[in-house]
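K.L.:
Before we start, here is the structure in question, set down as structure tokens.
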Amino acid sequence: MSMSNSLKKLSSCVLIDLDGTLINTDGVVSDILRKYLSKYGKQWDGREALKIVGKTPLEAATTIVEDYGLPCGVDEFNSEFYPLFSAQMDKIKSLPGANRLIRHLNGHGVPMALASNSSRANIESKISYHQGWKECFSVIVGSDEVSKGKPSPDIFLEAARKLNKDPGECLVIEDSVPGVLAAKAAGATVIAVPSLPKQTHLYTSADEVINSLLDLKPEKWGLPPFQDWIENTLPIDPWRIGGPVIKGFGRGSKVLGIPTANLSTKDYAEELVEHPPGVYFGWAGLATRGVFKMVMSIGWNPYFNNTEKTIEPWLLHDFTEDFYGEELRLIIVGYIRPEANFPSLESLVAKIHEDREVAEKALDLPSYAKFKDDPYLTK
């Protein structure tokens, strides 16, 4: 064990937040609020998202009513909002890496607790749509079962007590600032997985900040490591997107020397929300040209500080002409690394070429190569 690892507290159990950490509650909440606020002539633009993430339902409702100047009380808002929310619970998807993490820890006999600012009943309703989850958690604690919700440590202290563990033995996984503060106040080790983009700077009290659950390394905290990485890549459930090739920022070929084939994101807003920023790979099909290996980035490209999340595939083939307007089909089959910033353009370009080498090698493996014949790529 390295010196840095030997100084870390080793964990014997895991306490996990639910909303924004394991499931994408924020997406459903935003859709409901967008429609709900429109009847008052208000527009939900996400500007209050940072204020309500990780808060108790009452605190979140109070923030929305006050900040939007709604002509209703908090109780009236909740009485109208929660039936709408309950009707949409079955549409709340698990976040990438959530099922993998739960199965992994449960399979290795690691005690787990769900510790959420939602009510106990609300928690159980949400997880009922995710097969096998409830059975994996030895303990569930909601904010209505303790004196104070997060950022008070009460929820995590109660979860540790019910697991018969000292809080110092617990590893907490959280997406919100209130949750991180609560975990640290409880004396636990905490990994932050921010659910809102470009907010990493707010999580300085966390022991580690990661891009997504796909990047979690349990062995850093004394827990069993994942064994599913292959040749520096992580297999993922394949997903498919397609559309005409459009002009991007114009820097792929000119600045980076890497010609990307950009797709419009307007038809893939849901996919962009679901998949964390990072470098992925798979196969690309052009109807009149064939099927090619592909590596791509999803995200904001921190080096260039994009204001929009983009999809930028690089087809690993030397084309002699542009193909703007042609139909491009992608099947994404694996993950390489999280999005990162770089100190120089040269270091960014070097990393992109390293990603290419990883993708090209991995796509020759049978588990990835089989997707080259997926009919979606050529139809």
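Ordering of the structure tokens sets the chain letters (A, B, ...), residue numbers begin anew at 1 in every chain, and ligands are numbered from 1 in the order given.
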What parts of segment 8-227 of chain A does DSSP call helix (DSSP H, G or I)? I'd like the answer as JSON, numbers by chain.

P.N.:
{"A": [25, 26, 27, 28, 29, 30, 31, 32, 33, 34, 35, 36, 37, 38, 49, 50, 51, 52, 57, 58, 59, 60, 61, 62, 63, 64, 65, 66, 67, 74, 75, 76, 77, 78, 79, 80, 81, 82, 83, 84, 85, 86, 87, 88, 89, 90, 91, 98, 99, 100, 101, 102, 103, 104, 105, 106, 107, 120, 121, 122, 123, 124, 125, 126, 127, 133, 134, 135, 136, 143, 144, 145, 154, 155, 156, 157, 158, 159, 160, 161, 162, 167, 168, 169, 177, 178, 179, 180, 181, 182, 183, 184, 185, 186, 200, 201, 202, 213, 214, 215, 218, 219, 220, 221]}

K.L.:
For segment 194-210 of chain A, please output as a ChimeraX atom specification all residues within 9 Å (counting only C-alpha atoms; exclusion window: fewer than 6 positions along the same chain).

P.N.:
/A:20-21,24,26,49-50,53,174-177,180-181,183-184,216,300,338

K.L.:
Those residues with N, CA and C atoms, as a PDB file, in the first residue's frame please?

P.N.:
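Saved as again20.pdb:
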ATOM      1  N   GLY A  20     -30.056  12.333  -7.170  1.00  0.00           N
ATOM      2  CA  GLY A  20     -28.894  12.992  -7.745  1.00  0.00           C
ATOM      3  C   GLY A  20     -27.619  12.186  -7.623  1.00  0.00           C
ATOM      4  N   THR A  21     -27.647  11.154  -6.768  1.00  0.00           N
ATOM      5  CA  THR A  21     -26.467  10.299  -6.599  1.00  0.00           C
ATOM      6  C   THR A  21     -26.683   8.951  -7.276  1.00  0.00           C
ATOM      7  N   ASN A  24     -31.682   9.966 -11.235  1.00  0.00           N
ATOM      8  CA  ASN A  24     -31.725  11.304 -11.831  1.00  0.00           C
ATOM      9  C   ASN A  24     -33.046  12.009 -11.524  1.00  0.00           C
ATOM     10  N   ASP A  26     -33.424  15.016 -10.505  1.00  0.00           N
ATOM     11  CA  ASP A  26     -33.413  16.411 -10.932  1.00  0.00           C
ATOM     12  C   ASP A  26     -34.073  16.602 -12.296  1.00  0.00           C
ATOM     13  N   ALA A  49     -31.595  25.655  -9.311  1.00  0.00           N
ATOM     14  CA  ALA A  49     -31.227  24.257  -9.092  1.00  0.00           C
ATOM     15  C   ALA A  49     -30.174  24.110  -8.003  1.00  0.00           C
ATOM     16  N   LEU A  50     -29.164  24.963  -8.019  1.00  0.00           N
ATOM     17  CA  LEU A  50     -28.095  24.872  -7.028  1.00  0.00           C
ATOM     18  C   LEU A  50     -28.622  25.112  -5.613  1.00  0.00           C
ATOM     19  N   VAL A  53     -30.797  21.627  -4.638  1.00  0.00           N
ATOM     20  CA  VAL A  53     -30.174  20.303  -4.651  1.00  0.00           C
ATOM     21  C   VAL A  53     -29.705  19.927  -3.247  1.00  0.00           C
ATOM     22  N   GLU A 174     -22.140  11.174  -2.020  1.00  0.00           N
ATOM     23  CA  GLU A 174     -23.104  12.280  -2.036  1.00  0.00           C
ATOM     24  C   GLU A 174     -22.955  13.127  -3.297  1.00  0.00           C
ATOM     25  N   ASP A 175     -24.062  13.735  -3.728  1.00  0.00           N
ATOM     26  CA  ASP A 175     -24.000  14.626  -4.886  1.00  0.00           C
ATOM     27  C   ASP A 175     -24.121  16.096  -4.513  1.00  0.00           C
ATOM     28  N   SER A 176     -24.585  16.412  -3.295  1.00  0.00           N
ATOM     29  CA  SER A 176     -24.891  17.799  -2.954  1.00  0.00           C
ATOM     30  C   SER A 176     -23.949  18.347  -1.884  1.00  0.00           C
ATOM     31  N   VAL A 177     -23.837  19.667  -1.878  1.00  0.00           N
ATOM     32  CA  VAL A 177     -23.024  20.329  -0.855  1.00  0.00           C
ATOM     33  C   VAL A 177     -23.595  20.098   0.548  1.00  0.00           C
ATOM     34  N   VAL A 180     -22.547  16.623   1.610  1.00  0.00           N
ATOM     35  CA  VAL A 180     -21.120  16.522   1.938  1.00  0.00           C
ATOM     36  C   VAL A 180     -20.848  17.114   3.317  1.00  0.00           C
ATOM     37  N   LEU A 181     -21.431  18.268   3.589  1.00  0.00           N
ATOM     38  CA  LEU A 181     -21.240  18.912   4.897  1.00  0.00           C
ATOM     39  C   LEU A 181     -21.793  18.035   6.021  1.00  0.00           C
ATOM     40  N   ALA A 183     -22.091  14.733   5.993  1.00  0.00           N
ATOM     41  CA  ALA A 183     -21.228  13.559   6.143  1.00  0.00           C
ATOM     42  C   ALA A 183     -19.956  13.900   6.909  1.00  0.00           C
ATOM     43  N   LYS A 184     -19.368  15.039   6.599  1.00  0.00           N
ATOM     44  CA  LYS A 184     -18.145  15.442   7.305  1.00  0.00           C
ATOM     45  C   LYS A 184     -18.445  15.756   8.765  1.00  0.00           C
ATOM     46  N   LEU A 216     -15.579   5.778  -9.734  1.00  0.00           N
ATOM     47  CA  LEU A 216     -15.335   5.400  -8.347  1.00  0.00           C
ATOM     48  C   LEU A 216     -14.339   4.248  -8.259  1.00  0.00           C
ATOM     49  N   TRP A 300     -18.217  19.683 -21.677  1.00  0.00           N
ATOM     50  CA  TRP A 300     -18.051  21.126 -21.866  1.00  0.00           C
ATOM     51  C   TRP A 300     -16.648  21.505 -22.318  1.00  0.00           C
ATOM     52  N   PRO A 338     -12.953  10.257 -17.338  1.00  0.00           N
ATOM     53  CA  PRO A 338     -13.774  11.466 -17.155  1.00  0.00           C
ATOM     54  C   PRO A 338     -13.212  12.636 -17.942  1.00  0.00           C
TER      55      PRO A 338
END

K.L.:
If DSSP is run on the backbone, what residues of segment 84-194 of chain A are strand (DSSP E)? A reply as a list of chain:residue names would be ideal.

P.N.:
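Across segment 84-194 of chain A, those assigned strand (DSSP E) are A:Met112, A:Ala113, A:Leu114, A:Ala115, A:Val139, A:Ile140, A:Val141, A:Cys170, A:Leu171, A:Val172, A:Ile173, A:Glu174, A:Thr189, A:Val190, A:Ile191, A:Ala192.
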
K.L.:
With distances taken over only C-alpha atoms, which residue among A:Glu124, A:Asp215, A:Glu346, A:Asp373 lies nearest Ala98 of chain A?

P.N.:
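Answer, going by the shortest atom-to-atom distance: A:Asp215.
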
K.L.:
List every residue of segment 126-170 of chain A that has an atom at most 10 Å from any atom of segment 54-75 of chain A, giving for each one its closest atom pair and the distance in Å to one decimal, counting only C-alpha atoms, sorted by chain and then by ascending residue number, as a tab-separated table.

P.N.:
residue	atom	partner	partner_atom	distance
A:Gly142	CA	A:Thr56	CA	9.8
A:Ser143	CA	A:Thr56	CA	7.3
A:Asp144	CA	A:Thr56	CA	9.5
A:Lys148	CA	A:Thr56	CA	9.4
A:Gly149	CA	A:Thr56	CA	6.5
A:Lys150	CA	A:Lys55	CA	7.0
A:Pro151	CA	A:Lys55	CA	8.3

K.L.:
From the options A:Pro111, A:Pro375, A:Pro276, A:Gly179, which residue's atoms come nearest to Leu18 of chain A, counting only C-alpha atoms?

P.N.:
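For Leu18 of chain A, the nearest of the given residues is A:Gly179.
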
K.L.:
Could you tell me how far atom CA of Leu348 of chain A sits from atom CA of Phe226 of chain A, in Å to one decimal place?

P.N.:
27.9 Å

K.L.:
Between A:Asn99, A:Asn341, A:Gln227, A:Asn232, single out the one closest to Asp355 of chain A, counting only C-alpha atoms.

P.N.:
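Of A:Asn99, A:Asn341, A:Gln227, A:Asn232, the one nearest Asp355 of chain A, counting only C-alpha atoms, is A:Asn232.
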
K.L.:
Might you pull out every residue within 9 Å of Leu363 of chain A, with only C-alpha atoms counted and same-chain residues fewer than 4 positions away left off, and present them as a PyMOL selection string?

P.N.:
chain A and resi 281-283+293-294+358-359+367-370+372
